[in-house]
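Novice: I am attaching a structure below and will ask some questions about it afterwards.
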Amino acid sequence: MHIRIKLFFGFFLFLFILIIVKLFYFQILNHSSENIIDNLSKEKIIPERGRIFDVNSQPLVLNNNSYQLYIEPKKILNKEELIKKISEILSIDESTLSAKIDEKKEWLAIISVDKEKKEKIENLKLSGVGFDHLIKRDYPEASIAAHLLGFVGKNYQGEDIGYFGIEGYYDKDLAGMPGFMKSERDLLGRPILIGKQEIIEPENGRDLFLTIDKNIQAFAKEKLKNGIDRYQADSGCVVIVNPKTMAVLSLVCLPDYDQKNYFLFSENNFRNPAISDLYEPGSIFKPLIMAAAINEKKIKPNDFFEETGPVKIGEYLIKTWNDTYGGKISMTQILQRSSNVGMVYIGEKLGKKSLYSYLKKYGFGQLTGIDLQGEIGGYLKPENEWYPIDFATVTFGQGIAVTPIQMIRAFASVINGGYLLKPYVVAKVKSQSGDEKKIKPQVERKIISEITSLIIKKMLIEVIEGGEVKWAKPKGYVLGGKTGTAQVPIKGHYDPQKTIASFIGFGPAKDPVFLVLVILRQPKTSPWGSETAAPLFFEIAKELLIYYNIAPE
């Protein structure tokens, strides 16, 4: 009898110790659970991603609700019946669907379907079939602004994430905050049907309203595509901004890609050349140096220069583009004739230290801070590493590498009164509760005086009005601008047959509302910007003047 009592006592002591161990595990070691009775599991509730609209609240990116059809092979009761009925609704071959069903797997994603097909399949009440709710990005205007907008893909955890452009830069705003559903479970982790539940609602992503005008974006893309075809260029970009605010009105580079099917394209297609590629700008750079020299009072607008022949810098000989020389020419004529020799003279007048200082003031070698993912700042080598030939060639836009967005920002500063502004593409961020955050133009610094800016504007008007090349400019309108033709550096030397043709121009001249940069890489019909990029600029300028309902001057 005594032995039985001891055994009985020992058994209860064992149970007691077992309970203590369990309590220690759940309350101390597994302290994420609240306690043994109140053991809650979390299930993430995905928020809806924010939408993207243009400046007129026209949709550029929306969300499309769809459903992922999945099959659990081990729960299928009648495989042949399932395949036959689902194939009819999805309009796919029975053998194709059958091949997708691997009976060794627990779960198989089959295809995404719309709400109508989902309901039809659900009405069949087939075992082993289920649906997951999906929210996919929808592009009402197709790939009208692929580089600008970016796309939504998956990260390593299989979660949606924005890549490139606006989707990448504003990913946190667009993604929102996930919610959670907490459900009570027993000690074995099984849900308690009548147990405690707590739902924390998700916060949907914020909507973005851009500075981009989809109508301008559409005709800019069409004109660029036609221009690339017409001039047999490898690629090209058109960037249109308001020079007084640096709000981007349009940004398009070709070739681009289809955002819905981004996975079919190479990663090289995702790079936005307007912010991610460097190039030598050529003669469109000349007004920047001219403005600096006038601002420093090193030259006067009515000064003259004797253009008698090539200029020698060390072992290098710098010539005019056509190797002809005009004798006594004015400062305006240096720009009109795009004289490299004349610009070397301007650079010498400005001085090396001052010249380098203005390159930094214009923002070269630095990020512009534009709100797009993927921007690079380029490289402006230290002043003590520059040779005399570097100071000479930079005056006409060779030997310096810039991004298109850096170039158009710097140029805007010489025609807007001298202000360097931060470029931006998002004008307003709006939460689902209605709270709004407006983005205002941001002045970074003053570079040149109002008077210098007016002088340069007048010079650039004369470049178009009195230039040697006559373009089909809109009748009754006064525009300003400058052509550029830069040779492409290849293995330490320039290839005269491969050029980057460009034109940068603004209008209307008195009070510009648009500044347009056109770049064509390696046009085959002509290497010159005056014969390729310039005509394309005037086509775009005509559309802009009509679109903005600007009356002739």
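Naming scheme: A, B, ... for chains in displayed order of the structure tokens; residues 1 onward per chain; ligands 1 onward as shown.
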Can you tell me, as a list of chain:residue names, what residues are no more than 8 Å from A:Gln522 when counting only C-alpha atoms, ignoring any on the same chain fewer than 4 positions away?
Specialist: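 Residues near the query, excluding close chain neighbours: A:Ala233, A:Asp234, A:Ser235, A:Lys498, A:Thr499, A:Ile500, A:Ala501, A:Pro527.
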Novice: Which polymer residues have any atom within 7 Å of an atom of stretch 112-116 of chain A, counting only C-alpha atoms, with same-chain residues fewer than 3 positions away left out, as a PDB file with N, CA and C atoms, in the first residue's frame?
Specialist:
ATOM      1  N   SER A  66      -8.007  41.464 -59.101  1.00  0.00           N
ATOM      2  CA  SER A  66      -8.096  40.165 -59.770  1.00  0.00           C
ATOM      3  C   SER A  66      -7.897  39.075 -58.718  1.00  0.00           C
ATOM      4  N   TYR A  67      -7.970  37.819 -59.171  1.00  0.00           N
ATOM      5  CA  TYR A  67      -7.929  36.706 -58.228  1.00  0.00           C
ATOM      6  C   TYR A  67      -7.004  35.618 -58.761  1.00  0.00           C
ATOM      7  N   GLN A  68      -6.157  35.114 -57.875  1.00  0.00           N
ATOM      8  CA  GLN A  68      -5.253  34.029 -58.240  1.00  0.00           C
ATOM      9  C   GLN A  68      -5.946  32.698 -57.989  1.00  0.00           C
ATOM     10  N   LEU A  69      -6.222  31.955 -59.063  1.00  0.00           N
ATOM     11  CA  LEU A  69      -6.803  30.618 -58.934  1.00  0.00           C
ATOM     12  C   LEU A  69      -5.703  29.652 -58.517  1.00  0.00           C
ATOM     13  N   GLU A 119     -16.397  33.825 -59.887  1.00  0.00           N
ATOM     14  CA  GLU A 119     -17.735  33.452 -59.402  1.00  0.00           C
ATOM     15  C   GLU A 119     -18.264  32.226 -60.131  1.00  0.00           C
ATOM     16  N   LYS A 120     -17.987  32.110 -61.422  1.00  0.00           N
ATOM     17  CA  LYS A 120     -18.420  30.939 -62.191  1.00  0.00           C
ATOM     18  C   LYS A 120     -17.768  29.663 -61.654  1.00  0.00           C
TER      19      LYS A 120
END
Novice: Neighbouring residues of A:Ile448 were defined as those with any atom within 8 Å, considering only C-alpha atoms; residues of the same chain fewer than 6 positions away were excluded. Please report them as a list in words.
Specialist: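 That gives Ala291, Ala292, Asn295, Ser413, Val414, Gly417, Gly418 and Tyr419 of chain A.
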Novice: Have a look at A:Thr320, A:Gln58, A:Thr211, A:Asn302 and name the one nearest to A:Leu251; count only C-alpha atoms.
Specialist: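 Using only C-alpha atoms, A:Leu251 sits closest to A:Thr211.
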Novice: Using only C-alpha atoms, which residues sit within 10 Å of stretch 45-50 of chain A once same-chain residues fewer than 5 positions away are excluded, as a CSV table (one decimal) with all heavy atoms, in the first residue's frame?
Specialist:
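Resulting contents of part.csv:
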chain,number,residue,atom,x,y,z
A,61,VAL,N,-1.8,55.5,-63.3
A,61,VAL,CA,-1.7,54.2,-62.7
A,61,VAL,C,-2.8,54.0,-61.8
A,61,VAL,O,-3.0,54.8,-60.8
A,61,VAL,CB,-0.3,54.1,-62.0
A,61,VAL,CG1,-0.2,52.6,-61.4
A,61,VAL,CG2,0.9,54.4,-62.8
A,62,LEU,N,-3.6,52.9,-62.0
A,62,LEU,CA,-4.7,52.5,-61.1
A,62,LEU,C,-4.4,51.1,-60.6
A,62,LEU,O,-3.4,50.4,-60.9
A,62,LEU,CB,-6.0,52.6,-61.8
A,62,LEU,CG,-6.4,53.9,-62.4
A,62,LEU,CD1,-7.7,53.8,-63.2
A,62,LEU,CD2,-6.6,54.9,-61.2
A,63,ASN,N,-5.4,50.6,-59.8
A,63,ASN,CA,-5.3,49.2,-59.3
A,63,ASN,C,-6.4,48.4,-59.9
A,63,ASN,O,-7.5,48.8,-59.9
A,63,ASN,CB,-5.4,49.2,-57.8
A,63,ASN,CG,-4.2,49.8,-57.1
A,63,ASN,OD1,-3.0,49.5,-57.5
A,63,ASN,ND2,-4.4,50.7,-56.2
A,65,ASN,N,-8.4,44.9,-59.5
A,65,ASN,CA,-8.7,43.7,-58.6
A,65,ASN,C,-8.8,42.5,-59.5
A,65,ASN,O,-9.5,42.4,-60.4
A,65,ASN,CB,-10.0,43.9,-57.9
A,65,ASN,CG,-9.8,45.0,-56.8
A,65,ASN,OD1,-8.9,45.0,-56.0
A,65,ASN,ND2,-10.8,45.9,-56.7
A,133,HIS,N,-7.0,36.8,-53.3
A,133,HIS,CA,-7.2,38.2,-53.8
A,133,HIS,C,-5.9,38.8,-54.2
A,133,HIS,O,-5.0,38.9,-53.5
A,133,HIS,CB,-8.0,39.0,-52.8
A,133,HIS,CG,-8.4,40.4,-53.3
A,133,HIS,ND1,-8.4,41.5,-52.5
A,133,HIS,CD2,-8.7,40.8,-54.5
A,133,HIS,CE1,-8.8,42.5,-53.2
A,133,HIS,NE2,-9.0,42.1,-54.4
A,134,LEU,N,-5.9,39.3,-55.5
A,134,LEU,CA,-4.7,40.0,-56.0
A,134,LEU,C,-5.1,41.5,-56.4
A,134,LEU,O,-6.2,41.7,-56.8
A,134,LEU,CB,-4.1,39.3,-57.2
A,134,LEU,CG,-3.6,37.9,-57.0
A,134,LEU,CD1,-3.2,37.4,-58.4
A,134,LEU,CD2,-2.4,37.9,-56.1
A,135,ILE,N,-4.2,42.4,-56.1
A,135,ILE,CA,-4.3,43.8,-56.7
A,135,ILE,C,-3.2,44.0,-57.6
A,135,ILE,O,-2.0,44.1,-57.2
A,135,ILE,CB,-4.3,44.8,-55.5
A,135,ILE,CG1,-5.5,44.5,-54.6
A,135,ILE,CG2,-4.5,46.2,-56.1
A,135,ILE,CD1,-5.6,45.4,-53.4
A,136,LYS,N,-3.5,44.2,-58.9
A,136,LYS,CA,-2.4,44.4,-59.9
A,136,LYS,C,-2.5,45.9,-60.4
A,136,LYS,O,-3.5,46.5,-60.4
A,136,LYS,CB,-2.6,43.5,-61.1
A,136,LYS,CG,-2.2,42.0,-60.8
A,136,LYS,CD,-2.2,41.2,-62.0
A,136,LYS,CE,-1.6,39.8,-61.8
A,136,LYS,NZ,-1.5,39.1,-63.0
A,137,ARG,N,-1.3,46.4,-60.8
A,137,ARG,CA,-1.2,47.7,-61.3
A,137,ARG,C,-1.8,47.7,-62.7
A,137,ARG,O,-1.5,46.8,-63.5
A,137,ARG,CB,0.2,48.2,-61.4
A,137,ARG,CG,0.9,48.5,-60.0
A,137,ARG,CD,0.1,49.4,-59.2
A,137,ARG,NE,0.7,50.6,-58.8
A,137,ARG,CZ,0.2,51.6,-58.1
A,137,ARG,NH1,-1.0,51.5,-57.7
A,137,ARG,NH2,0.9,52.7,-57.8
A,152,VAL,N,5.8,47.9,-60.5
A,152,VAL,CA,5.8,47.2,-59.3
A,152,VAL,C,6.1,45.7,-59.5
A,152,VAL,O,5.5,45.1,-60.3
A,152,VAL,CB,4.4,47.3,-58.7
A,152,VAL,CG1,4.3,46.4,-57.4
A,152,VAL,CG2,4.0,48.8,-58.3
A,159,GLU,N,6.9,40.1,-51.7
A,159,GLU,CA,6.0,41.2,-51.4
A,159,GLU,C,6.1,42.2,-52.6
A,159,GLU,O,7.2,42.4,-53.2
A,159,GLU,CB,6.4,41.9,-50.1
A,159,GLU,CG,6.2,41.0,-48.9
A,159,GLU,CD,6.9,41.5,-47.7
A,159,GLU,OE1,7.9,42.2,-47.8
A,159,GLU,OE2,6.4,41.3,-46.5
A,160,ASP,N,5.1,42.9,-52.8
A,160,ASP,CA,5.1,44.0,-53.8
A,160,ASP,C,6.0,45.1,-53.4
A,160,ASP,O,6.0,45.5,-52.3
A,160,ASP,CB,3.7,44.6,-54.0
A,160,ASP,CG,2.8,43.6,-54.8
A,160,ASP,OD1,3.3,42.7,-55.4
A,160,ASP,OD2,1.6,43.9,-54.9
A,161,ILE,N,6.8,45.6,-54.4
A,161,ILE,CA,7.7,46.7,-54.2
A,161,ILE,C,7.9,47.5,-55.5
A,161,ILE,O,7.9,46.9,-56.6
A,161,ILE,CB,9.1,46.2,-53.6
A,161,ILE,CG1,10.0,47.4,-53.2
A,161,ILE,CG2,9.8,45.3,-54.6
A,161,ILE,CD1,11.2,47.0,-52.5
A,167,GLU,N,7.5,54.9,-58.9
A,167,GLU,CA,7.1,53.7,-58.1
A,167,GLU,C,8.2,53.4,-57.1
A,167,GLU,O,8.0,53.0,-56.0
A,167,GLU,CB,6.8,52.5,-59.0
A,167,GLU,CG,5.5,52.7,-59.8
A,167,GLU,CD,4.3,52.3,-59.1
A,167,GLU,OE1,4.3,52.2,-57.9
A,167,GLU,OE2,3.3,52.0,-59.8
A,170,TYR,N,8.8,56.8,-54.5
A,170,TYR,CA,7.7,57.0,-53.5
A,170,TYR,C,7.1,55.7,-53.0
A,170,TYR,O,6.0,55.6,-52.7
A,170,TYR,CB,6.6,57.8,-54.2
A,170,TYR,CG,7.0,59.3,-54.3
A,170,TYR,CD1,7.5,59.8,-55.5
A,170,TYR,CD2,6.8,60.2,-53.3
A,170,TYR,CE1,7.9,61.1,-55.7
A,170,TYR,CE2,7.1,61.5,-53.4
A,170,TYR,CZ,7.7,62.0,-54.6
A,170,TYR,OH,8.0,63.3,-54.8
A,171,ASP,N,7.9,54.6,-53.0
A,171,ASP,CA,7.4,53.3,-52.7
A,171,ASP,C,6.7,53.3,-51.3
A,171,ASP,O,5.6,52.7,-51.1
A,171,ASP,CB,8.5,52.2,-52.7
A,171,ASP,CG,7.9,50.8,-52.4
A,171,ASP,OD1,7.1,50.4,-53.2
A,171,ASP,OD2,8.4,50.2,-51.4
A,172,LYS,N,7.3,53.9,-50.3
A,172,LYS,CA,6.7,53.9,-48.9
A,172,LYS,C,5.4,54.6,-48.9
A,172,LYS,O,4.4,54.2,-48.2
A,172,LYS,CB,7.7,54.5,-48.0
A,172,LYS,CG,8.9,53.6,-47.6
A,172,LYS,CD,9.8,54.2,-46.6
A,172,LYS,CE,10.9,53.3,-46.2
A,172,LYS,NZ,11.8,53.8,-45.2
A,173,ASP,N,5.3,55.8,-49.6
A,173,ASP,CA,4.0,56.5,-49.7
A,173,ASP,C,3.0,55.7,-50.4
A,173,ASP,O,1.8,55.6,-50.0
A,173,ASP,CB,4.2,57.8,-50.4
A,173,ASP,CG,5.0,58.8,-49.6
A,173,ASP,OD1,4.4,59.3,-48.6
A,173,ASP,OD2,6.1,59.1,-49.9
A,174,LEU,N,3.3,55.1,-51.5
A,174,LEU,CA,2.4,54.3,-52.3
A,174,LEU,C,2.0,53.0,-51.7
A,174,LEU,O,0.8,52.6,-51.8
A,174,LEU,CB,3.0,54.0,-53.7
A,174,LEU,CG,3.1,55.2,-54.6
A,174,LEU,CD1,4.1,54.9,-55.8
A,174,LEU,CD2,1.8,55.7,-55.2
A,175,ALA,N,2.9,52.4,-50.9
A,175,ALA,CA,2.6,51.0,-50.4
A,175,ALA,C,1.6,51.1,-49.2
A,175,ALA,O,0.9,50.1,-49.1
A,175,ALA,CB,3.9,50.4,-49.9
A,176,GLY,N,1.6,52.1,-48.4
A,176,GLY,CA,0.7,52.2,-47.3
A,176,GLY,C,1.2,51.3,-46.1
A,176,GLY,O,2.4,50.8,-46.2
A,177,MET,N,0.4,51.1,-45.1
A,177,MET,CA,0.7,50.3,-44.0
A,177,MET,C,-0.2,49.1,-43.9
A,177,MET,O,-1.4,49.2,-43.9
A,177,MET,CB,0.6,51.1,-42.7
A,177,MET,CG,1.5,52.3,-42.6
A,177,MET,SD,3.2,51.7,-42.3
A,177,MET,CE,3.1,51.2,-40.6
A,178,PRO,N,0.4,47.9,-43.8
A,178,PRO,CA,-0.4,46.7,-43.7
A,178,PRO,C,-1.2,46.6,-42.4
A,178,PRO,O,-0.8,47.2,-41.4
A,178,PRO,CB,0.6,45.5,-43.8
A,178,PRO,CG,1.9,46.1,-43.3
A,178,PRO,CD,1.9,47.6,-43.7
A,179,GLY,N,-2.3,45.9,-42.4
A,179,GLY,CA,-3.1,45.7,-41.2
A,179,GLY,C,-2.9,44.3,-40.7
A,179,GLY,O,-2.1,43.5,-41.4
A,180,PHE,N,-3.5,43.9,-39.6
A,180,PHE,CA,-3.3,42.6,-39.1
A,180,PHE,C,-4.6,42.0,-38.5
A,180,PHE,O,-5.4,42.8,-38.0
A,180,PHE,CB,-2.3,42.6,-38.0
A,180,PHE,CG,-0.9,42.9,-38.4
A,180,PHE,CD1,-0.4,44.2,-38.4
A,180,PHE,CD2,-0.1,41.9,-39.0
A,180,PHE,CE1,0.9,44.5,-38.8
A,180,PHE,CE2,1.2,42.2,-39.4
A,180,PHE,CZ,1.7,43.5,-39.3
A,181,MET,N,-4.8,40.7,-38.7
A,181,MET,CA,-6.0,40.1,-38.0
A,181,MET,C,-5.4,39.1,-37.0
A,181,MET,O,-4.7,38.2,-37.4
A,181,MET,CB,-6.8,39.3,-39.0
A,181,MET,CG,-8.1,38.7,-38.4
A,181,MET,SD,-9.2,38.0,-39.6
A,181,MET,CE,-8.3,36.6,-40.1
A,199,ILE,N,-8.9,42.9,-35.2
A,199,ILE,CA,-8.5,43.3,-36.5
A,199,ILE,C,-8.0,44.7,-36.5
A,199,ILE,O,-8.6,45.6,-36.0
A,199,ILE,CB,-9.7,43.2,-37.5
A,199,ILE,CG1,-10.2,41.8,-37.7
A,199,ILE,CG2,-9.3,43.8,-38.9
A,199,ILE,CD1,-11.4,41.6,-38.6
A,200,ILE,N,-6.8,44.9,-37.0
A,200,ILE,CA,-6.2,46.2,-37.2
A,200,ILE,C,-6.2,46.5,-38.7
A,200,ILE,O,-5.6,45.9,-39.5
A,200,ILE,CB,-4.7,46.3,-36.7
A,200,ILE,CG1,-4.7,46.0,-35.2
A,200,ILE,CG2,-4.1,47.7,-36.9
A,200,ILE,CD1,-3.3,45.8,-34.6
A,201,GLU,N,-7.1,47.5,-39.1
A,201,GLU,CA,-7.3,47.8,-40.5
A,201,GLU,C,-6.1,48.3,-41.1
A,201,GLU,O,-5.3,49.1,-40.5
A,201,GLU,CB,-8.5,48.8,-40.6
A,201,GLU,CG,-9.8,48.3,-40.2
A,201,GLU,CD,-10.4,47.2,-41.1
A,201,GLU,OE1,-9.9,47.0,-42.2
A,201,GLU,OE2,-11.3,46.5,-40.6
A,202,PRO,N,-5.8,47.9,-42.4
A,202,PRO,CA,-4.7,48.5,-43.1
A,202,PRO,C,-4.9,49.9,-43.5
A,202,PRO,O,-6.0,50.4,-43.6
A,202,PRO,CB,-4.6,47.6,-44.4
A,202,PRO,CG,-6.0,47.2,-44.6
A,202,PRO,CD,-6.6,47.0,-43.2
A,203,GLU,N,-3.8,50.7,-43.7
A,203,GLU,CA,-3.8,52.0,-44.2
A,203,GLU,C,-3.4,52.0,-45.6
A,203,GLU,O,-2.2,51.8,-45.9
A,203,GLU,CB,-2.9,52.9,-43.3
A,203,GLU,CG,-2.9,54.4,-43.8
A,203,GLU,CD,-2.0,55.3,-43.0
A,203,GLU,OE1,-1.8,55.0,-41.8
A,203,GLU,OE2,-1.4,56.2,-43.6
A,204,ASN,N,-4.3,52.3,-46.5
A,204,ASN,CA,-4.0,52.2,-47.9
A,204,ASN,C,-3.0,53.3,-48.3
A,204,ASN,O,-2.8,54.3,-47.6
A,204,ASN,CB,-5.3,52.4,-48.8
A,204,ASN,CG,-6.2,51.2,-48.7
A,204,ASN,OD1,-5.8,50.1,-48.4
A,204,ASN,ND2,-7.5,51.4,-48.9
A,205,GLY,N,-2.3,53.0,-49.4
A,205,GLY,CA,-1.2,53.9,-49.9
A,205,GLY,C,-1.8,55.3,-50.3
A,205,GLY,O,-2.9,55.5,-50.6
A,206,ARG,N,-0.9,56.3,-50.3
A,206,ARG,CA,-1.2,57.6,-50.7
A,206,ARG,C,-1.3,57.8,-52.2
A,206,ARG,O,-0.5,57.1,-52.9
A,206,ARG,CB,-0.2,58.6,-50.1
A,206,ARG,CG,-0.2,58.7,-48.6
A,206,ARG,CD,0.9,59.6,-48.1
A,206,ARG,NE,0.8,59.7,-46.6
A,206,ARG,CZ,1.6,58.9,-45.8
A,206,ARG,NH1,2.4,58.0,-46.3
A,206,ARG,NH2,1.5,59.1,-44.5
A,207,ASP,N,-2.2,58.6,-52.7
A,207,ASP,CA,-2.2,58.9,-54.1
A,207,ASP,C,-1.3,60.0,-54.5
A,207,ASP,O,-1.1,60.9,-53.7
A,207,ASP,CB,-3.7,59.3,-54.5
A,207,ASP,CG,-4.7,58.2,-54.4
A,207,ASP,OD1,-4.2,57.0,-54.5
A,207,ASP,OD2,-5.9,58.4,-54.2
A,208,LEU,N,-0.7,59.9,-55.7
A,208,LEU,CA,0.2,61.0,-56.1
A,208,LEU,C,-0.3,61.7,-57.3
A,208,LEU,O,-0.9,61.1,-58.2
A,208,LEU,CB,1.6,60.3,-56.5
A,208,LEU,CG,2.3,59.5,-55.5
A,208,LEU,CD1,3.6,58.9,-56.1
A,208,LEU,CD2,2.6,60.2,-54.2
A,429,VAL,N,0.7,65.0,-52.7
A,429,VAL,CA,0.5,63.7,-52.1
A,429,VAL,C,-0.7,63.7,-51.3
A,429,VAL,O,-0.9,64.6,-50.4
A,429,VAL,CB,1.8,63.3,-51.3
A,429,VAL,CG1,1.6,61.9,-50.7
A,429,VAL,CG2,3.0,63.3,-52.1
A,430,LYS,N,-1.6,62.8,-51.6
A,430,LYS,CA,-2.9,62.8,-50.9
A,430,LYS,C,-3.2,61.4,-50.2
A,430,LYS,O,-3.1,60.4,-50.9
A,430,LYS,CB,-4.1,63.1,-51.9
A,430,LYS,CG,-5.4,63.3,-51.3
A,430,LYS,CD,-6.4,63.7,-52.3
A,430,LYS,CE,-7.8,63.9,-51.8
A,430,LYS,NZ,-8.8,64.3,-52.8
A,431,SER,N,-3.5,61.5,-48.9
A,431,SER,CA,-3.8,60.3,-48.2
A,431,SER,C,-5.2,59.8,-48.4
A,431,SER,O,-6.1,60.6,-48.9
A,431,SER,CB,-3.5,60.4,-46.7
A,431,SER,OG,-4.5,61.3,-46.1
A,432,GLN,N,-5.6,58.6,-48.0
A,432,GLN,CA,-6.9,58.1,-48.1
A,432,GLN,C,-7.9,58.9,-47.3
A,432,GLN,O,-9.1,58.9,-47.6
A,432,GLN,CB,-7.0,56.6,-47.8
A,432,GLN,CG,-6.2,55.8,-48.7
A,432,GLN,CD,-6.6,55.9,-50.2
A,432,GLN,OE1,-7.8,55.8,-50.5
A,432,GLN,NE2,-5.6,56.1,-51.1
Novice: When DSSP works through the backbone of this structure, what residues of stretch 82-183 of chain A end up as strand (DSSP E), shown as a ChimeraX atom specification?
Specialist: /A:108-113,129-138,151-154,160-163,179-183
Novice: Would you kindly return, as an MDAnalysis selection string, each protein, DNA or RNA residue with an atom no farther than 10 Å from any atom of A:Asn215, considering only C-alpha atoms and excluding same-chain residues fewer than 3 positions away?
Specialist: chainID A and resid 54 56 58 144 212 218:221 249:250 547
Novice: Only N, CA and C atoms, please: the residues just picked out, written as a tab-separated table (two decimals), in the first residue's frame.
Specialist:
chain	number	residue	atom	x	y	z
A	54	ASP	N	-2.10	62.46	-63.35
A	54	ASP	CA	-1.34	63.57	-63.94
A	54	ASP	C	-1.77	64.89	-63.33
A	56	ASN	N	-3.75	67.09	-64.31
A	56	ASN	CA	-5.18	67.35	-64.47
A	56	ASN	C	-6.05	66.27	-63.84
A	58	GLN	N	-5.95	63.15	-64.31
A	58	GLN	CA	-6.22	62.04	-65.21
A	58	GLN	C	-5.38	60.84	-64.77
A	144	ILE	N	2.77	55.00	-71.72
A	144	ILE	CA	2.98	56.39	-72.13
A	144	ILE	C	4.15	57.03	-71.38
A	212	ILE	N	3.33	66.18	-64.40
A	212	ILE	CA	3.25	65.70	-65.79
A	212	ILE	C	1.85	65.91	-66.35
A	218	ALA	N	1.96	62.53	-74.27
A	218	ALA	CA	1.54	61.71	-75.42
A	218	ALA	C	2.11	62.26	-76.73
A	219	PHE	N	1.96	63.59	-76.96
A	219	PHE	CA	2.46	64.07	-78.25
A	219	PHE	C	3.99	64.17	-78.26
A	220	ALA	N	4.63	64.36	-77.10
A	220	ALA	CA	6.09	64.37	-77.05
A	220	ALA	C	6.63	62.99	-77.43
A	221	LYS	N	5.97	61.94	-76.91
A	221	LYS	CA	6.41	60.59	-77.23
A	221	LYS	C	6.20	60.26	-78.70
A	249	LEU	N	7.03	68.76	-67.10
A	249	LEU	CA	5.75	68.65	-67.81
A	249	LEU	C	5.68	67.36	-68.63
A	250	SER	N	6.84	66.91	-69.08
A	250	SER	CA	6.91	65.67	-69.85
A	250	SER	C	8.33	65.15	-69.79
A	547	TYR	N	-1.42	74.01	-77.60
A	547	TYR	CA	-2.01	73.39	-76.39
A	547	TYR	C	-2.23	74.42	-75.29
Novice: So what do you get for atom CA of A:Met343 versus atom CA of A:Thr395, distance-wise?
Specialist: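 Computing the Euclidean distance for atom CA of A:Met343 and atom CA of A:Thr395 yields 5.7 Å.
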